[in-house]
Amino acid sequence: MEAFGAQIVLVRGDTRGMATLYSLAQQNPVTLALDVEPDEAVEGVSWAVEQEQDAEPLAVALVYITTEASGLNATADRIQMRVYDDTGTELSRTDLPSDITGTPYEPGDLGGAKPSRYLTVMNGTAVFTTELADDTYAVLGYDVASTTEKWRTVGPEEPERTGAPLANGWVALDWQDALAAFDPATGNAQWRSEQMSSVYAHGVAPFLTGYTSPAAWSGPDPVEFIDGATGAIMSIPDGFTNYGVDRITGESAFLWFASDSSPADKPGLLVRSAEGAGVFSLDAQKTGAAGVQDILAMWNGLIWVETSAGKDVVLAATGARAPGISGGGEVYRIPEYATPDWTITTVDGGTFGGDTRILTRHPGADPSLETLNVQTAPPSTP
């Protein structure tokens, strides 16, 4: 599992208590290892990194620590917050109050103990949901710099591991059988909406996408678009088979099943601005004639599409092939996640191979397609 932030990418290791930190501050990654005393063990970890572009880039670990009993003397489990800067230097470690217990390991839970259900960092505040000693639950805001509690809200219902940071600086998370947005600075609830099984943020886009059922797929049902300012379910085009969202511009694209024999009055491809205005469209007949089969990704005004001829990159504003893309060349690298300062692209490893991820840094610059080298295969790709 990864934690993607404004200036830090943190990749959880195969061993519990290990992670790799990538940042704009240094070229080479840093390994973070959660050390404990000889009689202690790390039974669970939640990782998060700062989401706000202009805030100090920090990484936070909530660590569930157990202590081996000594004779008849047992030490209670505890939750500890550890804070790291963008070079991987540990800045602090603080035991949270004993009434913040998290959830102990339960047989069959491969993830171990749960120090939190959901955790993110927004503008210097760690926002997380967790279990309390009296068997109730809380959503808390902690000042990361001082590791002190700013606010908390308590409720009886167990929250799910669902949440996402919003473009307006709020945090949406599962709370008391609803999707609720909180202001990290004050803890004030801003809105409540329909409960979602999962939600996803899309950079500067002023909305979330969410799923009402556990199905982890990208089809039209049961995905919902949720207004980040109000929590209202937004009106989106009906019947689309695939969609994409541009994290840098906030634009979105929708694709319908189409062929060259489809009726011309049926939709085929639609691009909308972050505010929902139409930018570019093709009817079903033209979409079918172009052989468009899938929207793979969107990035800085560009759309990666799968066509009958292979992968291609086109301009979201016109549908024309992006400058610099060779029509006869293979498009290897597909954007997976992006901020104004860095982009992660993925190279498909095929049915039996592992995917390759590539981190490209472009701090302080308007990122161009040329910086991603999308038609260059990495050395590990045959």
# chains A, B, ... in the order shown; residues from 1 in each chain; ligands from 1

call {"tool": "select_by_dssp", "arguments": {"residues": "range 175-345 of chain A", "states": "strand (DSSP E or B)", "output": "JSON, numbers by chain"}}
result
{"A": [179, 180, 181, 182, 189, 190, 191, 192, 193, 198, 199, 200, 201, 207, 208, 209, 210, 211, 223, 224, 225, 226, 227, 233, 242, 243, 244, 245, 252, 253, 254, 255, 267, 268, 269, 270, 271, 272, 278, 279, 280, 281, 282, 283, 292, 293, 294, 295, 296, 297, 298, 299, 302, 303, 304, 305, 306, 307, 310, 311, 312, 313, 314, 315, 321, 333, 334, 335, 336, 337, 338, 342, 343, 344, 345]}

call {"tool": "residues_around", "arguments": {"residues": "range 183-197 of chain A", "least_positions_apart": "2", "cutoff": "7 Å", "atoms": "only C-alpha atoms", "output": "PyMOL selection string"}}
result
chain A and resi 122+125+127+141+151-152+162+170-171+174+177-181+199+210-214+230-232

call {"tool": "closest_residue", "arguments": {"among": "A:Asp95, A:Val144, A:Arg82, A:Gly71", "to": "Ala55 in chain A", "atoms": "only C-alpha atoms"}}
result
A:Val144

call {"tool": "closest_residue", "arguments": {"among": "A:Ala253, A:Val49, A:Leu21, A:Leu140", "to": "Trp304 in chain A", "atoms": "only C-alpha atoms"}}
result
A:Ala253

call {"tool": "residues_around", "arguments": {"residues": "Ala258 in chain A", "least_positions_apart": "4", "cutoff": "7 Å", "atoms": "only C-alpha atoms", "output": "ChimeraX atom specification"}}
result
/A:262,268,284-285,287-288

call {"tool": "select_by_dssp", "arguments": {"residues": "range 252-320 of chain A", "states": "helix (DSSP H, G or I)", "output": "PyMOL selection string"}}
result
chain A and resi 284-289

call {"tool": "residues_around", "arguments": {"residues": "range 315-325 of chain A", "least_positions_apart": "5", "cutoff": "8 Å", "atoms": "only C-alpha atoms", "output": "tab-separated table (two decimals) with N, CA, C and O atoms, in the first residue's frame"}}
result
chain	number	residue	atom	x	y	z
A	271	VAL	N	-15.56	14.95	-23.02
A	271	VAL	CA	-14.60	15.54	-22.09
A	271	VAL	C	-15.27	16.74	-21.43
A	271	VAL	O	-15.85	17.59	-22.12
A	279	VAL	N	-16.09	20.18	-23.02
A	279	VAL	CA	-14.84	20.64	-23.64
A	279	VAL	C	-14.70	20.07	-25.05
A	279	VAL	O	-14.36	20.78	-25.99
A	280	PHE	N	-14.99	18.78	-25.20
A	280	PHE	CA	-14.84	18.10	-26.47
A	280	PHE	C	-15.72	16.86	-26.46
A	280	PHE	O	-15.90	16.23	-25.40
A	301	GLY	N	-4.19	17.74	-19.34
A	301	GLY	CA	-4.82	18.07	-20.61
A	301	GLY	C	-4.69	17.01	-21.68
A	301	GLY	O	-5.03	17.28	-22.84
A	302	LEU	N	-4.21	15.83	-21.33
A	302	LEU	CA	-4.04	14.74	-22.27
A	302	LEU	C	-4.85	13.52	-21.82
A	302	LEU	O	-5.11	13.34	-20.63
A	303	ILE	N	-5.21	12.68	-22.79
A	303	ILE	CA	-5.94	11.45	-22.49
A	303	ILE	C	-5.18	10.27	-23.10
A	303	ILE	O	-4.83	10.29	-24.28
A	369	LEU	N	4.55	16.40	-21.78
A	369	LEU	CA	4.54	14.99	-22.14
A	369	LEU	C	5.96	14.47	-22.34
A	369	LEU	O	6.27	13.31	-22.03
A	370	GLU	N	6.83	15.34	-22.83
A	370	GLU	CA	8.21	14.93	-23.09
A	370	GLU	C	8.92	14.45	-21.83
A	370	GLU	O	9.75	13.54	-21.88
A	375	GLN	N	6.93	6.77	-24.56
A	375	GLN	CA	7.19	5.76	-25.58
A	375	GLN	C	8.55	5.08	-25.39
A	375	GLN	O	9.03	4.40	-26.29

call {"tool": "residues_around", "arguments": {"residues": "Val60 in chain A", "least_positions_apart": "2", "cutoff": "7 Å", "atoms": "only C-alpha atoms", "output": "number ranges by chain"}}
result
A: 47-49, 58, 62, 81-84

call {"tool": "write_last_selection", "arguments": {"atoms": "N, CA and C atoms", "output": "compact mmCIF listing (two decimals), in the first residue's frame"}}
result
# COMPACT_ATOMS: atom_id res chain seq x y z
N TRP A 47 0.22 4.60 7.71
CA TRP A 47 1.12 5.62 7.16
C TRP A 47 0.31 6.69 6.46
N ALA A 48 0.78 7.93 6.48
CA ALA A 48 0.16 9.01 5.73
C ALA A 48 1.21 10.09 5.47
N VAL A 49 0.96 10.91 4.44
CA VAL A 49 1.87 12.00 4.11
C VAL A 49 1.05 13.26 3.85
N LEU A 58 5.64 16.39 5.33
CA LEU A 58 5.90 15.49 6.45
C LEU A 58 5.22 14.15 6.22
N LEU A 62 1.27 6.04 12.48
CA LEU A 62 0.61 5.64 13.72
C LEU A 62 0.97 4.18 13.94
N MET A 81 2.65 8.00 17.74
CA MET A 81 2.75 8.78 16.51
C MET A 81 4.21 9.13 16.26
N ARG A 82 4.69 8.81 15.06
CA ARG A 82 6.04 9.19 14.66
C ARG A 82 5.96 10.09 13.43
N VAL A 83 6.80 11.11 13.41
CA VAL A 83 6.76 12.11 12.36
C VAL A 83 8.13 12.19 11.70
N TYR A 84 8.15 12.24 10.36
CA TYR A 84 9.38 12.30 9.58
C TYR A 84 9.31 13.47 8.59

call {"tool": "residues_around", "arguments": {"residues": "range 220-229 of chain A", "least_positions_apart": "2", "cutoff": "8 Å", "atoms": "only C-alpha atoms", "output": "ChimeraX atom specification"}}
result
/A:166-168,206-213,218,231-236,239-242

call {"tool": "atom_distance", "arguments": {"atom1": "CA of Ser198 in chain A", "atom2": "CA of Ala164 in chain A"}}
result
9.0 Å

call {"tool": "closest_residue", "arguments": {"among": "A:Asp366, A:Glu336, A:Glu158, A:Glu2", "to": "Gly244 in chain A", "atoms": "only C-alpha atoms"}}
result
A:Glu336

call {"tool": "residues_around", "arguments": {"residues": "Gln27 in chain A", "least_positions_apart": "2", "cutoff": "12 Å", "atoms": "only C-alpha atoms", "output": "ChimeraX atom specification"}}
result
/A:8,21-25,29-30,86-87,359-361

call {"tool": "write_last_selection", "arguments": {"atoms": "N, CA and C atoms", "output": "PDB file, in the first residue's frame"}}
result
ATOM      1  N   ILE A   8       5.696  14.002  -1.166  1.00  0.00           N
ATOM      2  CA  ILE A   8       6.267  12.749  -0.672  1.00  0.00           C
ATOM      3  C   ILE A   8       5.443  11.576  -1.202  1.00  0.00           C
ATOM      4  N   LEU A  21      10.597   5.964   1.492  1.00  0.00           N
ATOM      5  CA  LEU A  21      10.145   7.330   1.297  1.00  0.00           C
ATOM      6  C   LEU A  21      10.858   7.956   0.097  1.00  0.00           C
ATOM      7  N   TYR A  22      10.065   8.454  -0.850  1.00  0.00           N
ATOM      8  CA  TYR A  22      10.568   9.200  -1.997  1.00  0.00           C
ATOM      9  C   TYR A  22      10.091  10.640  -1.850  1.00  0.00           C
ATOM     10  N   SER A  23      10.950  11.589  -2.212  1.00  0.00           N
ATOM     11  CA  SER A  23      10.548  12.993  -2.053  1.00  0.00           C
ATOM     12  C   SER A  23      11.235  13.865  -3.082  1.00  0.00           C
ATOM     13  N   LEU A  24      10.794  15.124  -3.129  1.00  0.00           N
ATOM     14  CA  LEU A  24      11.439  16.110  -3.995  1.00  0.00           C
ATOM     15  C   LEU A  24      12.737  16.616  -3.397  1.00  0.00           C
ATOM     16  N   ALA A  25      12.962  16.331  -2.105  1.00  0.00           N
ATOM     17  CA  ALA A  25      14.123  16.879  -1.411  1.00  0.00           C
ATOM     18  C   ALA A  25      15.418  16.168  -1.769  1.00  0.00           C
ATOM     19  N   PRO A  29      15.767   7.288  -2.693  1.00  0.00           N
ATOM     20  CA  PRO A  29      14.782   6.995  -1.647  1.00  0.00           C
ATOM     21  C   PRO A  29      15.446   6.661  -0.322  1.00  0.00           C
ATOM     22  N   VAL A  30      14.658   6.761   0.746  1.00  0.00           N
ATOM     23  CA  VAL A  30      15.135   6.485   2.102  1.00  0.00           C
ATOM     24  C   VAL A  30      14.257   5.394   2.708  1.00  0.00           C
ATOM     25  N   ASP A  86      10.899  15.288   4.873  1.00  0.00           N
ATOM     26  CA  ASP A  86      10.996  14.749   3.524  1.00  0.00           C
ATOM     27  C   ASP A  86      12.363  14.173   3.187  1.00  0.00           C
ATOM     28  N   THR A  87      13.285  14.177   4.152  1.00  0.00           N
ATOM     29  CA  THR A  87      14.554  13.464   3.974  1.00  0.00           C
ATOM     30  C   THR A  87      14.553  12.130   4.705  1.00  0.00           C
ATOM     31  N   LEU A 359       8.828   7.073 -11.150  1.00  0.00           N
ATOM     32  CA  LEU A 359       8.580   8.380 -10.549  1.00  0.00           C
ATOM     33  C   LEU A 359       9.353   9.433 -11.334  1.00  0.00           C
ATOM     34  N   THR A 360       8.635  10.406 -11.890  1.00  0.00           N
ATOM     35  CA  THR A 360       9.250  11.503 -12.634  1.00  0.00           C
ATOM     36  C   THR A 360       9.014  12.797 -11.880  1.00  0.00           C
ATOM     37  N   ARG A 361      10.084  13.498 -11.552  1.00  0.00           N
ATOM     38  CA  ARG A 361       9.981  14.768 -10.827  1.00  0.00           C
ATOM     39  C   ARG A 361       9.997  15.921 -11.823  1.00  0.00           C
TER      40      ARG A 361
END

call {"tool": "closest_residue", "arguments": {"among": "A:Thr148, A:Pro115, A:Pro107, A:Ser46", "to": "Arg78 in chain A", "atoms": "only C-alpha atoms"}}
result
A:Pro115

call {"tool": "atom_distance", "arguments": {"atom1": "CA of Ala19 in chain A", "atom2": "CA of Leu34 in chain A"}}
result
8.8 Å
